[in-house]
Number of protein chains: 2
Amino acid sequence: MPSNLMSRQDLEFLLYDWLNVEALCDRPRFADHSRETFDPALDLSERLATDLFAPHFKESDATEPVLEGTEVQLIPAIAKAVQAFGEMGLMAGAMDYEIGGMQLPAVVASACFAWFQAANPATSGYPFLTIANVNLLLAHGNDEQIAKFVQPMTEGRFLGTMCLSETEAGSSLGDIATRAEPGSDNTYRLFGNKMWISAGEHNLSENIVHLVLARIAGAPTGVKGLSLFVVPKFLVNDDGSLGERNDVCVTGLNHKMGFRGTTNTVMSFGGDTFQPDGAPGAIGTLVGESGRGLLYMFHMMNEARIGVGLSAACMGYTGYLKSLEYAQDRKQGRPLGAAADTAPVPIIEHSDVKRMLLAQKSYVEGGLALGLYCASLLDDEATHPDDTVRKRASQMLDVLTPIAKSWPSQWCLEANSLAIQVHGGYGYTRDYDVEQHYRDNRLNAIHEGTHGIQGLDLLGRKVVMNGGADLGALLATMTATSKRAKDAGLTQLASQLDTRITRIGEVTHTMWSGGDIAETLANSSIYLEAFGHVVVAWIWLEQIVALAETQSDFATGKRQAAQYFFRYELPKVDAQFDLLESLDRTTLEMQPNWF
Amino acid sequence: MPSNLMSRQDLEFLLYDWLNVEALCDRPRFADHSRETFDPALDLSERLATDLFAPHFKESDATEPVLEGTEVQLIPAIAKAVQAFGEMGLMAGAMDYEIGGMQLPAVVASACFAWFQAANPATSGYPFLTIANVNLLLAHGNDEQIAKFVQPMTEGRFLGTMCLSETEAGSSLGDIATRAEPGSDNTYRLFGNKMWISAGEHNLSENIVHLVLARIAGAPTGVKGLSLFVVPKFLVNDDGSLGERNDVCVTGLNHKMGFRGTTNTVMSFGGDTFQPDGAPGAIGTLVGESGRGLLYMFHMMNEARIGVGLSAACMGYTGYLKSLEYAQDRKQGRPLGAAADTAPVPIIEHSDVKRMLLAQKSYVEGGLALGLYCASLLDDEATHPDDTVRKRASQMLDVLTPIAKSWPSQWCLEANSLAIQVHGGYGYTRDYDVEQHYRDNRLNAIHEGTHGIQGLDLLGRKVVMNGGADLGALLATMTATSKRAKDAGLTQLASQLDTRITRIGEVTHTMWSGGDIAETLANSSIYLEAFGHVVVAWIWLEQIVALAETQSDFATGKRQAAQYFFRYELPKVDAQFDLLESLDRTTLEMQPNWF
């Protein structure tokens with residue numbers, strides 16, 4: 001029986017038939033690889049996700065993390081899963097051989113990680129953050145930091161966090177108040193409180209490695225005054241052994257609607273709970289240069305945003321598969337016109353149920369494909385032999401990242417809502433998984449930059465940066481797909497896409513030609529949503545071009561889902577573009593006292 | 001400080017300025033009433049909802065009903081609230097004087113009840129079901145049933161349920177298997193299991209009165225074989241005292257994502273847990289005539305569907321007010337272009353936050369107004385002196401009911417999602433109310449007929465019944481509003497509405513002219529959604545016509561919300577109508593093995 005976590009068939013289609021990841025093995029970095037090494041990594045991931053991550057999906061929701069003094073207790077199954085993940089080498093799947101990694105392409109590592117995100121997004125949060133932390137330290141840390149923290153993190157013995165937000169600084173990181181005071185040696189003393197810190201405290205690992213944004217005394221206000229520090233829970237001696245307890249301490253837990261297995265904490269740095277050497281302050285070391293903290297974080301955060309989008313897609317995907325299974329098994333109702341005494345049919349026979357399944361399929365397969373496409377751009381950006389291609393990948397990633405983050409967060413949540421609806425009343429109960437997927441997935445439009453922040457990033461920054469060249473690179477690639485589609489006989493879909501590609505260019509131009517930045521950005525969330533739908537239509541066209549020659553149920557299903565997306569979803573953007581093009585000021589002009 | 005449960009100002013505008021409920025007092029049934037009696041009923045409801053319903057909103061979510069043997073324990077605050085509701089006479093707010101009612105118009109009673117639905121939908125579920133139960137018995141029960149059960153229910157000493165669904169019969173009630181065997185006296189013995197029974201067992205009242213759909217031995221299959229029975233938890237003696245325990249017993253609880261304070265049960269009838277007189281079967285009496293059970297239930301259910309829509313609107317409304325309050329208080333970020341060292345502003349100053357608040361306002365005020373409009377049609381249907389108006393009210397209700405149920409269930413849930421988003425990370429925690437509103441509200445698209453069932457009801461039945469006369473009555477009323485709007489100078493909005501009114505007629509005609517019923521109904525959910533958006537645009541136009549002369553922040557806010565709805569929401573329907581008119585077969589032709 002196929003897994004109801006993810007579709008291995010779809011993953012293999014996306015990797016091998018569409019994105020042609022085997023061609024990556026021609027590049028020096030991946031020279032040791034082939035499908036014979038990729039498949040076992042996928043096997044391992046599927047098995048580990050199925051055996052150790054999925055089984056406590058509901059348990060870690062029902063039994064939340066508990067704060068006991070300065071410790072947080074989690075159910076044992078989480079530690080077991082995370083430890084196995086580390087021991088199997090998956091933390092370092094995409095990392096260099098020299099630090100024990102597998103040097104898998106990012107796209108393959110992402111496909112592997114999809115199994116874990118589908119099986120248990122909350123438990124996957126621990127490796128997710130640790131991998132991001134390691135990647136940041138590898139890019140910007142010094143040798144000592146790498147030596148002390150990276151190796152244990154790749155093995156899963158230490159786990160990592162990202163400490164950005166504070167209670168008064170969530171979307172506005174420039175207001176961060178945590179301060180760092182230089183000591184006599186190379187260390188700093190940190191003082192301040194951080195909010196919304198996922199994995200800030202837990203009983204899963206020997207040590208916790210915090211990457212903390214803080215302001216060195218005398219630094220300017222705003223984001224330019226922020227520096228990045230590595231602050232471990234336990235100081236690490238030069239031989240790698242654990243030293244004293246550092247003065248970083250959990251002071252509270254946030255109790256969430258979903259994603260409950262990922263402990264989410266309020267953290268105090270330098271709160272005098274511990275004083276490792278008799279002096280106040282949490283001891284940390286500077287990462288890279290001072291004043292560049294947010295820049296480093298954003299480097300990491302761009303990959304994390306793609307990862308969040310993939311996570312949203314995977315939650316949507318597993319919800320889809322579970323509702324599909326339910327619809328195949330559950331018998332109720334009859335075809336139109338059938339007599340009352342005939343046997344009820346599986347509900348998948350009803351048009352409205354097929355609609356809800358097709359909608360889910362179009363959202364989740366579109367979202368997954370978009371995420372993997374972006375991951376393959378990360379590979380191109382880092383390893384493609386051709387300068388031009390590397391540059392174009394980088395440009396496309398600039399524009400696609402806010403969409404890859406926000407689109408699945410919106411539409412794969414909608415998929416989860418439809419998965420509940422397919423289950424009827426059962427879907428609303430905790431006896432089934434889908435209500436939890438819906439609760440879990442609602443986080444994704446909030447963390448790693450809210451929906452609104454992604455809209456501002458796309459319209460206010462990405463589409464106009466480099467004189468619009470990044471946007472141009474993406475639109476040119478989309479147009480090339482359309483051309484290939486026409487060559488493959490998919491004329492109608494291609495021309496429907498063409499119309500909207502043109503429209504993106506026109507609308508963007510109009511929005512930026514008014515001269516009033518507030519007016520330009522007033523509807524940036526709607527711009528993000530319309531642009532996102534066009535991008536996913538393009539991704540669907542990409543997929544069916546890739547299987548244009550194929551005759552199979554799988555291929556027919558993909559074509560039907562693409563048709564659904566082009567007929568039921570894509571036309572929604574026209575009204576949005578009309579609104580954007582009118583430079584509507586309704587929201588801008590609304591006054592607080594009119595509410 | 002104004003309440004953050006509901007807006008008294010909006011309720012008074014809707015009742016007095018728009019729906020002109022004072023004119024109802026010219027009718028004999030409401031002759032004793034005036035604004036001087038309506039206002040105190042609203043006062044009482046606001047106070048009781050605020051003092052006794054709202055305070056345990058979160059507690060009854062966190063502390064779910066517990067099954068102990070054959071009893072279900074709820075937190076004491078629920079009983080206290082429900083008892084006070086009954087003692088203050090609110091169960092019978094709209095009922096006849098002769099049974100102790102207040103004879104309030106349905107529209108005023110609905111406005112009163114809105115406070116409770118906003119304050120605590122789960123606790124409100126108990127009176128909601130009891131009122132529906134009483135109304136059904138008053139309409140179809142015999143004198144003995146009314147004497148034994150109605151009076152104690154109006155006082156809140158007994159509470160009521162509706163027992164329709166079974167595990168194999170949710171949306172397909174024709175498959176109900178519970179059977180009723182006639183006894184030697186006027187009673188029947190019932191045997192079977194019921195599923196999803198809200199308020200099926202609890203510790204809130206002396207007795208529980210179940211209305212149960214069952215099939216008398218020998219009755220035909222399908223819905224025409226269903227009869228309705230009243231089956232009390234405790235038999236009631238002729239003097240009104242409680243007799244023996246009947247053989248109706250809770251056998252399990254459903255654990256839901258939200259709405260947790262409303263106990264939801266699996267019930268066994270005639271399962272031999274109790275044997276009141278030594279013979280098997282739960283003892284019940286037939287309501288009305290045999291074979292007409294579903295008809296009676298639907299009479300009640302139409303009102304209940306409007307009530308569910310109102311409940312969804314109220315959950316959306318309170319979430320909106322809470323996010324508005326948050327946005328006014330929470331300072332973060334700065335206007336575009338402001339220096340980093342200037343003070344942060346309340347987030348309500350940001351366009352995207354205003355967009356999220358305006359969207360909520362347009363959904364929840366539109367949803368509330370739609371629900372109250374339908375309630376006023378119930379008054380017209382029952383009490384208008386003019387036959388023609390009564391008939392038109394009835395026709396309009398036929399068409400509007402599936403929309404009044406489904407539209408708020410969809411869009412006021414979306415409002416709750418936006419309320420979370422306005423709160424950022426805080427909105428995702430259980431420290432704030434909005435995540436619970438989101439969980440609670442998700443139920444409303446499922447119970448009392450799913451979204452898909454409402455779509456089939458609207459397209460498959462309502463718009464073609466009576467030769468399309470019901471649809472015609474609604475569209476004519478909408479057109480009349482548009483004309484009044486033009487007279488008031490609202491030409492642009494009126495013509496935008498006109499276009500879509502015409503479109504509804506054309507699309508409906510096209511969909512029904514193909515001759516293939518499966519094709520006609522394949523996209524009925526989308527028809528429901530598009531139709532619903534046009535209806536709510538009309539309801540918005542109605543509101544701003546009513547305050548066309550008014551200059552105030554309140555009136556300006558309403559106009560801005562209407563503008564938002566007409567510019568951001570209404571144009572969405574065009575793509576939906578295009579799809580519907582094309583008689584698209586994508587969902588119809590999708591095959592199960594292609595998924």
# chains A, B, ... in the order shown; residues from 1 in each chain; ligands from 1
>>> closest_atom_pairs(of="chain B", to="chain A", cutoff="6 Å", atoms="only C-alpha atoms", output="JSON lines")
{"residue": "B:Ser172", "atom": "CA", "partner": "A:Gly333", "partner_atom": "CA", "distance": 5.4}
{"residue": "B:Gly222", "atom": "CA", "partner": "A:Ala340", "partner_atom": "CA", "distance": 5.1}
{"residue": "B:His255", "atom": "CA", "partner": "A:Thr429", "partner_atom": "CA", "distance": 5.3}
{"residue": "B:Lys256", "atom": "CA", "partner": "A:Thr429", "partner_atom": "CA", "distance": 4.1}
{"residue": "B:Met257", "atom": "CA", "partner": "A:Tyr428", "partner_atom": "CA", "distance": 5.7}
{"residue": "B:Gly333", "atom": "CA", "partner": "A:Ser172", "partner_atom": "CA", "distance": 5.4}
{"residue": "B:Ala340", "atom": "CA", "partner": "A:Gly222", "partner_atom": "CA", "distance": 5.0}
{"residue": "B:Ser351", "atom": "CA", "partner": "A:Leu588", "partner_atom": "CA", "distance": 5.4}
{"residue": "B:Lys354", "atom": "CA", "partner": "A:Thr587", "partner_atom": "CA", "distance": 5.8}
{"residue": "B:Arg355", "atom": "CA", "partner": "A:Thr587", "partner_atom": "CA", "distance": 5.2}
{"residue": "B:Tyr428", "atom": "CA", "partner": "A:Lys256", "partner_atom": "CA", "distance": 5.6}
{"residue": "B:Thr429", "atom": "CA", "partner": "A:Lys256", "partner_atom": "CA", "distance": 4.1}
{"residue": "B:Arg430", "atom": "CA", "partner": "A:Lys256", "partner_atom": "CA", "distance": 5.7}
{"residue": "B:Ala522", "atom": "CA", "partner": "A:Ser351", "partner_atom": "CA", "distance": 5.4}
{"residue": "B:Asp553", "atom": "CA", "partner": "A:Trp594", "partner_atom": "CA", "distance": 4.9}
{"residue": "B:Phe554", "atom": "CA", "partner": "A:Trp594", "partner_atom": "CA", "distance": 6.0}
{"residue": "B:Gly557", "atom": "CA", "partner": "A:Trp594", "partner_atom": "CA", "distance": 4.4}
{"residue": "B:Pro571", "atom": "CA", "partner": "A:Ala575", "partner_atom": "CA", "distance": 5.8}
{"residue": "B:Ala575", "atom": "CA", "partner": "A:Pro571", "partner_atom": "CA", "distance": 5.8}
{"residue": "B:Thr587", "atom": "CA", "partner": "A:Arg355", "partner_atom": "CA", "distance": 5.2}
{"residue": "B:Leu588", "atom": "CA", "partner": "A:Ser351", "partner_atom": "CA", "distance": 5.3}
{"residue": "B:Trp594", "atom": "CA", "partner": "A:Gly557", "partner_atom": "CA", "distance": 4.4}
{"residue": "B:Phe595", "atom": "CA", "partner": "A:Gly557", "partner_atom": "CA", "distance": 5.6}
>>> residues_around(residues="B:Trp407", least_positions_apart="2", cutoff="8 Å", atoms="only C-alpha atoms", output="list in words")
Gly309, Gly367, Ile403, Ala404, Lys405, Ser409, Gln410, Trp411, Cys412, Glu529, Gly532 and His533 of chain B
>>> write_last_selection(atoms="C-alpha atoms", output="JSON list (two decimals), in the first residue's frame")
[["chain", "number", "residue", "atom", "x", "y", "z"],
["B", 309, "GLY", "CA", -24.88, 31.25, 9.60],
["B", 367, "GLY", "CA", -22.70, 38.11, 7.36],
["B", 403, "ILE", "CA", -26.46, 31.07, 1.36],
["B", 404, "ALA", "CA", -27.22, 32.45, 4.80],
["B", 405, "LYS", "CA", -25.85, 29.20, 6.18],
["B", 409, "SER", "CA", -19.39, 29.73, 7.48],
["B", 410, "GLN", "CA", -16.81, 30.30, 4.75],
["B", 411, "TRP", "CA", -16.02, 34.00, 4.96],
["B", 412, "CYS", "CA", -16.36, 34.65, 8.65],
["B", 529, "GLU", "CA", -20.07, 30.67, -3.48],
["B", 532, "GLY", "CA", -23.34, 34.18, -2.07],
["B", 533, "HIS", "CA", -20.88, 36.93, -2.90]]
>>> residues_around(residues="B:Ala31", least_positions_apart="6", cutoff="10 Å", atoms="only C-alpha atoms", output="short mmCIF file (atom, residue, chain, number, x, y, z; two decimals) with N, CA and C atoms, in the first residue's frame")
data_model
loop_
_atom_site.label_atom_id
_atom_site.label_comp_id
_atom_site.auth_asym_id
_atom_site.auth_seq_id
_atom_site.Cartn_x
_atom_site.Cartn_y
_atom_site.Cartn_z
N LEU B 24 -42.60 46.66 12.81
CA LEU B 24 -43.24 45.38 13.10
C LEU B 24 -44.28 45.51 14.20
N CYS B 25 -44.12 46.52 15.03
CA CYS B 25 -45.02 46.66 16.18
C CYS B 25 -46.44 47.06 15.76
N GLN B 103 -42.87 36.86 22.75
CA GLN B 103 -43.38 37.25 21.42
C GLN B 103 -42.53 38.34 20.76
#
>>> residues_around(residues="stretch 75-79 of chain A", least_positions_apart="3", cutoff="10 Å", atoms="only C-alpha atoms", output="list in words")
Leu52, Phe53, Pro55, His56, Phe57, Glu59, Ser60, Thr63, Glu64, Pro65, Val66, Val82, Gln83, Ala84, Phe85, Asn120, Ala122, Thr123, Ser124, Tyr126, His202, Asn203, Leu204, Ser205, Gly261 and Thr262 of chain A
>>> closest_residue(among="B:Leu458, B:Pro121, B:Gly192, B:Ile208", to="B:Met153", atoms="only C-alpha atoms")
B:Ile208
